>>> print(open('target30.cif').read())   # mmCIF, C-alpha atoms
data_entry
#
loop_
_atom_site.group_PDB
_atom_site.id
_atom_site.type_symbol
_atom_site.label_atom_id
_atom_site.label_comp_id
_atom_site.auth_asym_id
_atom_site.auth_seq_id
_atom_site.Cartn_x
_atom_site.Cartn_y
_atom_site.Cartn_z
ATOM 1 C CA MET A 47 -35.146 -52.432 21.611
ATOM 2 C CA GLU A 48 -38.718 -51.345 20.968
ATOM 3 C CA THR A 49 -39.166 -53.493 17.846
ATOM 4 C CA VAL A 50 -38.285 -57.199 18.014
ATOM 5 C CA LEU A 51 -39.392 -60.005 15.699
ATOM 6 C CA TRP A 52 -39.698 -63.450 17.281
ATOM 7 C CA SER A 53 -39.773 -66.930 15.758
ATOM 8 C CA HIS A 54 -42.196 -68.201 18.425
ATOM 9 C CA PRO A 55 -45.226 -66.638 20.088
ATOM 10 C CA GLU A 56 -44.726 -65.645 23.706
ATOM 11 C CA ALA A 57 -46.507 -68.703 25.090
ATOM 12 C CA GLU A 58 -44.029 -71.027 23.334
ATOM 13 C CA ARG A 59 -40.718 -69.431 24.415
ATOM 14 C CA ALA A 60 -40.203 -70.542 28.002
ATOM 15 C CA GLY A 61 -37.250 -72.781 28.763
ATOM 16 C CA LYS A 62 -35.915 -72.981 25.197
ATOM 17 C CA PRO A 63 -32.473 -71.779 24.033
ATOM 18 C CA LEU A 64 -32.511 -68.230 22.672
ATOM 19 C CA LEU A 65 -30.709 -67.162 19.500
ATOM 20 C CA LEU A 66 -30.275 -63.392 19.390
ATOM 21 C CA MET A 67 -29.889 -62.239 15.767
ATOM 22 C CA LEU A 68 -28.384 -58.825 15.004
ATOM 23 C CA HIS A 69 -28.783 -57.261 11.562
ATOM 24 C CA GLY A 70 -26.238 -55.193 9.662
ATOM 25 C CA TYR A 71 -25.804 -51.484 8.974
ATOM 26 C CA GLY A 72 -28.537 -49.853 6.903
ATOM 27 C CA SER A 73 -30.856 -52.819 7.326
ATOM 28 C CA ASP A 74 -33.520 -53.913 9.802
ATOM 29 C CA GLU A 75 -34.888 -56.856 11.746
ATOM 30 C CA SER A 76 -36.743 -58.298 8.742
ATOM 31 C CA ARG A 77 -33.405 -59.287 7.170
ATOM 32 C CA MET A 78 -32.771 -61.617 10.090
ATOM 33 C CA SER A 79 -36.323 -62.880 10.526
ATOM 34 C CA ALA A 80 -36.269 -64.014 6.897
ATOM 35 C CA VAL A 81 -33.788 -66.755 7.834
ATOM 36 C CA PHE A 82 -35.548 -67.996 10.991
ATOM 37 C CA LYS A 83 -36.796 -70.910 8.905
ATOM 38 C CA ASP A 84 -33.231 -71.931 7.992
ATOM 39 C CA LEU A 85 -32.037 -72.281 11.588
ATOM 40 C CA PRO A 86 -32.568 -75.078 14.134
ATOM 41 C CA ARG A 87 -36.193 -75.316 15.201
ATOM 42 C CA GLY A 88 -35.288 -75.864 18.839
ATOM 43 C CA PHE A 89 -34.225 -72.224 19.163
ATOM 44 C CA VAL A 90 -36.398 -69.270 19.938
ATOM 45 C CA CYS A 91 -34.966 -66.657 17.568
ATOM 46 C CA ALA A 92 -35.218 -62.949 18.356
ATOM 47 C CA ALA A 93 -34.313 -60.218 15.855
ATOM 48 C CA PRO A 94 -34.299 -56.709 17.358
ATOM 49 C CA ARG A 95 -34.189 -53.485 15.357
ATOM 50 C CA ALA A 96 -31.041 -51.420 15.900
ATOM 51 C CA PRO A 97 -31.690 -48.037 17.565
ATOM 52 C CA MET A 98 -29.992 -45.618 15.155
ATOM 53 C CA ASP A 99 -31.833 -44.275 12.092
ATOM 54 C CA ILE A 100 -29.731 -44.615 8.928
ATOM 55 C CA ALA A 101 -31.640 -42.834 6.147
ATOM 56 C CA GLY A 102 -34.813 -44.756 6.894
ATOM 57 C CA ASP A 103 -33.066 -48.003 7.742
ATOM 58 C CA TYR A 104 -31.203 -48.823 10.940
ATOM 59 C CA GLY A 105 -27.753 -49.383 12.406
ATOM 60 C CA TRP A 106 -26.165 -50.078 15.769
ATOM 61 C CA PHE A 107 -23.709 -47.170 15.502
ATOM 62 C CA LEU A 108 -22.309 -44.871 12.816
ATOM 63 C CA LEU A 109 -19.271 -46.004 10.845
ATOM 64 C CA ASP A 110 -17.465 -45.473 7.550
ATOM 65 C CA TYR A 111 -15.603 -47.798 5.154
ATOM 66 C CA PHE A 112 -12.623 -47.867 7.501
ATOM 67 C CA LEU A 113 -15.016 -48.918 10.279
ATOM 68 C CA VAL A 114 -14.145 -45.915 12.439
ATOM 69 C CA ASN A 115 -16.685 -45.665 15.237
ATOM 70 C CA ASP A 116 -17.650 -43.682 18.309
ATOM 71 C CA PHE A 117 -16.978 -46.192 21.067
ATOM 72 C CA ALA A 118 -19.399 -44.438 23.418
ATOM 73 C CA ALA A 119 -22.162 -45.122 20.878
ATOM 74 C CA VAL A 120 -21.066 -48.754 20.607
ATOM 75 C CA VAL A 121 -21.161 -49.235 24.374
ATOM 76 C CA GLY A 122 -24.499 -47.434 24.562
ATOM 77 C CA ALA A 123 -26.059 -49.762 21.997
ATOM 78 C CA ALA A 124 -24.523 -52.843 23.612
ATOM 79 C CA THR A 125 -25.773 -51.802 27.043
ATOM 80 C CA LYS A 126 -29.320 -51.486 25.706
ATOM 81 C CA VAL A 127 -29.146 -54.978 24.200
ATOM 82 C CA LEU A 128 -27.743 -56.501 27.391
ATOM 83 C CA ALA A 129 -30.371 -54.814 29.565
ATOM 84 C CA TRP A 130 -33.102 -56.115 27.256
ATOM 85 C CA LEU A 131 -31.557 -59.600 27.378
ATOM 86 C CA ASP A 132 -31.516 -59.587 31.160
ATOM 87 C CA THR A 133 -35.228 -58.734 31.200
ATOM 88 C CA GLU A 134 -36.133 -61.402 28.636
ATOM 89 C CA MET A 135 -34.105 -64.052 30.470
ATOM 90 C CA VAL A 136 -36.154 -63.416 33.612
ATOM 91 C CA ARG A 137 -39.430 -63.317 31.677
ATOM 92 C CA HIS A 138 -38.945 -66.489 29.635
ATOM 93 C CA LYS A 139 -36.292 -68.407 31.584
ATOM 94 C CA PHE A 140 -34.404 -69.311 28.403
ATOM 95 C CA SER A 141 -32.069 -72.269 28.909
ATOM 96 C CA SER A 142 -29.169 -70.409 27.241
ATOM 97 C CA VAL A 143 -28.370 -67.466 24.960
ATOM 98 C CA SER A 144 -26.397 -67.575 21.730
ATOM 99 C CA VAL A 145 -25.777 -64.603 19.469
ATOM 100 C CA LEU A 146 -25.569 -64.348 15.672
ATOM 101 C CA GLY A 147 -24.538 -61.159 13.913
ATOM 102 C CA PHE A 148 -24.379 -60.261 10.236
ATOM 103 C CA SER A 149 -21.967 -57.532 9.028
ATOM 104 C CA GLN A 150 -22.104 -54.713 11.619
ATOM 105 C CA GLY A 151 -24.242 -57.075 13.664
ATOM 106 C CA MET A 152 -21.133 -59.255 14.054
ATOM 107 C CA ALA A 153 -19.323 -56.266 15.565
ATOM 108 C CA MET A 154 -22.179 -55.948 18.038
ATOM 109 C CA ALA A 155 -22.254 -59.698 18.726
ATOM 110 C CA THR A 156 -18.547 -59.859 19.499
ATOM 111 C CA THR A 157 -18.798 -56.700 21.631
ATOM 112 C CA LEU A 158 -21.585 -58.283 23.693
ATOM 113 C CA ILE A 159 -19.420 -61.356 24.180
ATOM 114 C CA ARG A 160 -16.475 -59.191 25.248
ATOM 115 C CA LEU A 161 -18.581 -57.270 27.766
ATOM 116 C CA ARG A 162 -20.449 -60.280 29.192
ATOM 117 C CA PRO A 163 -18.533 -63.438 28.170
ATOM 118 C CA ASP A 164 -20.320 -65.670 30.689
ATOM 119 C CA MET A 165 -23.746 -64.790 29.300
ATOM 120 C CA PHE A 166 -23.400 -66.519 25.932
ATOM 121 C CA MET A 167 -23.263 -70.191 25.019
ATOM 122 C CA THR A 168 -22.012 -69.691 21.437
ATOM 123 C CA GLY A 169 -21.459 -66.973 18.860
ATOM 124 C CA VAL A 170 -21.851 -66.732 15.088
ATOM 125 C CA GLY A 171 -20.460 -63.998 12.858
ATOM 126 C CA LEU A 172 -21.351 -63.773 9.174
ATOM 127 C CA SER A 173 -19.649 -61.421 6.684
ATOM 128 C CA GLY A 174 -18.620 -59.126 9.494
ATOM 129 C CA PHE A 175 -15.906 -57.954 11.842
ATOM 130 C CA ALA A 176 -14.865 -57.402 15.454
ATOM 131 C CA LEU A 177 -13.999 -53.951 16.767
ATOM 132 C CA ASN A 178 -10.351 -53.030 17.254
ATOM 133 C CA ASN A 179 -10.665 -51.148 20.527
ATOM 134 C CA GLU A 180 -8.017 -50.494 23.172
ATOM 135 C CA LEU A 181 -10.448 -50.355 26.091
ATOM 136 C CA LEU A 182 -11.975 -53.735 25.273
ATOM 137 C CA ALA A 183 -8.496 -55.152 24.743
ATOM 138 C CA THR A 184 -7.531 -54.397 28.333
ATOM 139 C CA MET A 185 -9.843 -57.238 29.453
ATOM 140 C CA GLU A 186 -8.446 -59.761 26.977
ATOM 141 C CA PRO A 187 -7.728 -62.487 26.144
ATOM 142 C CA LEU A 188 -11.054 -63.754 27.401
ATOM 143 C CA GLU A 189 -10.769 -66.398 30.078
ATOM 144 C CA ARG A 190 -13.480 -68.557 28.531
ATOM 145 C CA LYS A 191 -13.191 -69.327 24.831
ATOM 146 C CA LEU A 192 -16.749 -69.940 23.735
ATOM 147 C CA PRO A 193 -17.447 -71.781 20.460
ATOM 148 C CA PHE A 194 -17.654 -69.295 17.585
ATOM 149 C CA PHE A 195 -18.491 -69.803 13.895
ATOM 150 C CA TRP A 196 -17.183 -67.252 11.380
ATOM 151 C CA GLY A 197 -18.494 -67.457 7.821
ATOM 152 C CA ARG A 198 -17.522 -65.153 4.956
ATOM 153 C CA ASP A 199 -16.474 -64.762 1.341
ATOM 154 C CA VAL A 200 -12.793 -63.784 1.144
ATOM 155 C CA ALA A 201 -13.688 -61.613 -1.870
ATOM 156 C CA ASP A 202 -16.271 -59.605 0.127
ATOM 157 C CA LEU A 203 -15.403 -55.966 -0.607
ATOM 158 C CA VAL A 204 -17.619 -54.434 2.086
ATOM 159 C CA ILE A 205 -15.388 -55.375 5.031
ATOM 160 C CA ASN A 206 -11.967 -53.811 4.579
ATOM 161 C CA PRO A 207 -8.801 -55.956 4.811
ATOM 162 C CA ASP A 208 -7.468 -54.372 8.010
ATOM 163 C CA ALA A 209 -10.721 -55.144 9.825
ATOM 164 C CA THR A 210 -10.693 -58.714 8.515
ATOM 165 C CA GLU A 211 -7.102 -59.209 9.663
ATOM 166 C CA PHE A 212 -7.850 -57.921 13.154
ATOM 167 C CA THR A 213 -11.005 -60.031 13.354
ATOM 168 C CA SER A 214 -9.102 -63.169 12.412
ATOM 169 C CA GLU A 215 -6.494 -62.499 15.100
ATOM 170 C CA TRP A 216 -9.069 -61.594 17.744
ATOM 171 C CA LEU A 217 -11.220 -64.656 17.132
ATOM 172 C CA ALA A 218 -8.214 -66.973 17.185
ATOM 173 C CA ALA A 219 -7.047 -65.549 20.514
ATOM 174 C CA ASN A 220 -10.416 -65.272 22.269
ATOM 175 C CA THR A 221 -12.754 -67.973 20.967
ATOM 176 C CA ASP A 222 -12.895 -71.652 20.106
ATOM 177 C CA LEU A 223 -13.049 -70.768 16.430
ATOM 178 C CA GLN A 224 -14.574 -72.636 13.536
ATOM 179 C CA GLN A 225 -14.498 -70.769 10.248
ATOM 180 C CA ALA A 226 -15.719 -71.399 6.736
ATOM 181 C CA ARG A 227 -15.299 -69.582 3.453
ATOM 182 C CA TYR A 228 -17.919 -69.379 0.717
ATOM 183 C CA ASP A 229 -16.738 -68.504 -2.771
ATOM 184 C CA ALA A 230 -18.829 -66.087 -4.823
ATOM 185 C CA MET A 231 -21.222 -65.411 -1.930
ATOM 186 C CA GLY A 232 -20.412 -61.705 -1.621
ATOM 187 C CA HIS A 233 -21.748 -59.684 1.295
ATOM 188 C CA THR A 234 -24.824 -61.715 2.123
ATOM 189 C CA MET A 235 -26.041 -64.954 3.701
ATOM 190 C CA ARG A 236 -26.502 -68.104 1.646
ATOM 191 C CA ALA A 237 -28.299 -71.432 2.099
ATOM 192 C CA ASP A 238 -25.166 -73.583 2.361
ATOM 193 C CA GLU A 239 -23.674 -71.179 4.914
ATOM 194 C CA LEU A 240 -26.847 -71.253 6.998
ATOM 195 C CA ALA A 241 -26.850 -75.054 6.871
ATOM 196 C CA ASP A 242 -23.324 -75.011 8.321
ATOM 197 C CA VAL A 243 -24.410 -72.511 10.967
ATOM 198 C CA SER A 244 -27.273 -74.818 11.927
ATOM 199 C CA SER A 245 -24.932 -77.789 12.270
ATOM 200 C CA PHE A 246 -22.568 -75.736 14.418
ATOM 201 C CA LEU A 247 -25.366 -74.521 16.682
ATOM 202 C CA THR A 248 -26.964 -77.907 17.217
ATOM 203 C CA ALA A 249 -23.558 -79.406 18.036
ATOM 204 C CA ASN A 250 -22.851 -76.762 20.688
ATOM 205 C CA VAL A 251 -26.188 -75.736 22.207
ATOM 206 C CA PRO A 252 -28.169 -78.290 24.218
ATOM 207 C CA GLY A 253 -31.851 -78.356 23.342
ATOM 208 C CA SER A 254 -31.470 -76.666 19.965
ATOM 209 C CA PHE A 255 -32.020 -79.785 17.863
ATOM 210 C CA THR A 256 -35.609 -80.816 17.229
ATOM 211 C CA PRO A 257 -36.176 -83.947 15.080
ATOM 212 C CA SER A 258 -38.417 -83.579 12.060
ATOM 213 C CA SER A 259 -41.895 -84.908 12.720
#
>>> encode(input="target30.cif", output="structure tokens")
Amino acid sequence: METVLWSHPEAERAGKPLLLMLHGYGSDESRMSAVFKDLPRGFVCAAPRAPMDIAGDYGWFLLDYFLVNDFAAVVGAATKVLAWLDTEMVRHKFSSVSVLGFSQGMAMATTLIRLRPDMFMTGVGLSGFALNNELLATMEPLERKLPFFWGRDVADLVINPDATEFTSEWLAANTDLQQARYDAMGHTMRADELADVSSFLTANVPGSFTPSS
């Protein structure tokens, strides 16, 4: 968590809701900071760089097409994010924390929710998946079903069908799910999807809506 891009300077963060934004595999924090402008202005957005070097880009943990992963690496990455969050919550006294993850970042976002369900106000997953893991499953279903928005293109070839099927089942059982499908979007984020994300967030996170001046 050494490199983090913020939507607001440090002096303007205190007391606002935080939106933690987690990039995908083989990407970096700039992918998420590019859409700060498309999200509700009431949020302080934070986009950290994942810790693992992936041929000059970054990832949260190693994986292949079948999304096989080393769970110890997953937990290690999640623990670093949660420790950083705890520090930033004390420093800035954010009113709440929500988490948005794209692609592998959605796997991280849902893992954070599974490990610390009371920490997060809402969750957003875009073109991604949740991890099918027996150890995490022992603590589920989650007692609190937080609002969660899942956006994707059903023709996205990057996320394999087994992972999508598990994700659908997991979200239905463990969250208050809202989902939307975007034809011909592929494995990316799009303006109409981000507009729907913004509507979802402002409806569920107090203080995130700021009227246009």
>>> atom_distance(input="target30.cif", atom1="CA of Arg160 (chain A)", atom2="CA of Lys191 (chain A)")
10.7 Å
>>> resolve_selection(input="target30.cif", expression="the PyMOL selection byres ((chain A and resi 116-118) around 12)", output="ChimeraX atom specification")
/A:106-110,113-115,119-125,153-154,157,177-182
>>> atom_distance(input="target30.cif", atom1="CA of Pro252 (chain A)", atom2="CA of Arg59 (chain A)")
15.4 Å
>>> resolve_selection(input="target30.cif", expression="the PyMOL selection byres ((chain A and resi 104) around 8)", output="list in words")
Tyr71, Gly72, Ser73, Asp74, Arg95, Ala96, Pro97, Met98, Asp99, Ile100, Ala101, Gly102, Asp103, Gly105 and Trp106 of chain A
>>> closest_residue(input="target30.cif", among="A:Asp202, A:Glu211, A:Glu56, A:Asp229", to="Glu134 (chain A)", atoms="all atoms listed in the file")
A:Glu56
>>> closest_residue(input="target30.cif", among="A:Leu51, A:Ala93, A:Ala241, A:Ala155", to="Met67 (chain A)", atoms="all atoms listed in the file")
A:Ala93
>>> residues_near_point(input="target30.cif", point="(-42.6, -63.2, 20.2)", cutoff="12 Å", atoms="all atoms listed in the file", output="NGL selection string")
:A and (49-60 or 64 or 79 or 90-94 or 134 or 137-138)
>>> write_last_selection(input="target30.cif", atoms="C-alpha atoms", output="CSV table (one decimal), in the frame of the given file")
chain,number,residue,atom,x,y,z
A,49,THR,CA,-39.2,-53.5,17.8
A,50,VAL,CA,-38.3,-57.2,18.0
A,51,LEU,CA,-39.4,-60.0,15.7
A,52,TRP,CA,-39.7,-63.4,17.3
A,53,SER,CA,-39.8,-66.9,15.8
A,54,HIS,CA,-42.2,-68.2,18.4
A,55,PRO,CA,-45.2,-66.6,20.1
A,56,GLU,CA,-44.7,-65.6,23.7
A,57,ALA,CA,-46.5,-68.7,25.1
A,58,GLU,CA,-44.0,-71.0,23.3
A,59,ARG,CA,-40.7,-69.4,24.4
A,60,ALA,CA,-40.2,-70.5,28.0
A,64,LEU,CA,-32.5,-68.2,22.7
A,79,SER,CA,-36.3,-62.9,10.5
A,90,VAL,CA,-36.4,-69.3,19.9
A,91,CYS,CA,-35.0,-66.7,17.6
A,92,ALA,CA,-35.2,-62.9,18.4
A,93,ALA,CA,-34.3,-60.2,15.9
A,94,PRO,CA,-34.3,-56.7,17.4
A,134,GLU,CA,-36.1,-61.4,28.6
A,137,ARG,CA,-39.4,-63.3,31.7
A,138,HIS,CA,-38.9,-66.5,29.6
>>> residues_around(input="target30.cif", residues="Phe246 (chain A)", least_positions_apart="3", cutoff="10 Å", atoms="only C-alpha atoms", output="PDB file with C-alpha atoms, in the coordinates of the input")
ATOM      1  CA  THR A 168     -22.012 -69.691  21.437  1.00  0.00           C
ATOM      2  CA  GLY A 169     -21.459 -66.973  18.860  1.00  0.00           C
ATOM      3  CA  VAL A 170     -21.851 -66.732  15.088  1.00  0.00           C
ATOM      4  CA  PRO A 193     -17.447 -71.781  20.460  1.00  0.00           C
ATOM      5  CA  PHE A 194     -17.654 -69.295  17.585  1.00  0.00           C
ATOM      6  CA  PHE A 195     -18.491 -69.803  13.895  1.00  0.00           C
ATOM      7  CA  GLN A 224     -14.574 -72.636  13.536  1.00  0.00           C
ATOM      8  CA  LEU A 240     -26.847 -71.253   6.998  1.00  0.00           C
ATOM      9  CA  ALA A 241     -26.850 -75.054   6.871  1.00  0.00           C
ATOM     10  CA  ASP A 242     -23.324 -75.011   8.321  1.00  0.00           C
ATOM     11  CA  VAL A 243     -24.410 -72.511  10.967  1.00  0.00           C
ATOM     12  CA  ALA A 249     -23.558 -79.406  18.036  1.00  0.00           C
ATOM     13  CA  ASN A 250     -22.851 -76.762  20.688  1.00  0.00           C
ATOM     14  CA  VAL A 251     -26.188 -75.736  22.207  1.00  0.00           C
TER      15      VAL A 251
END
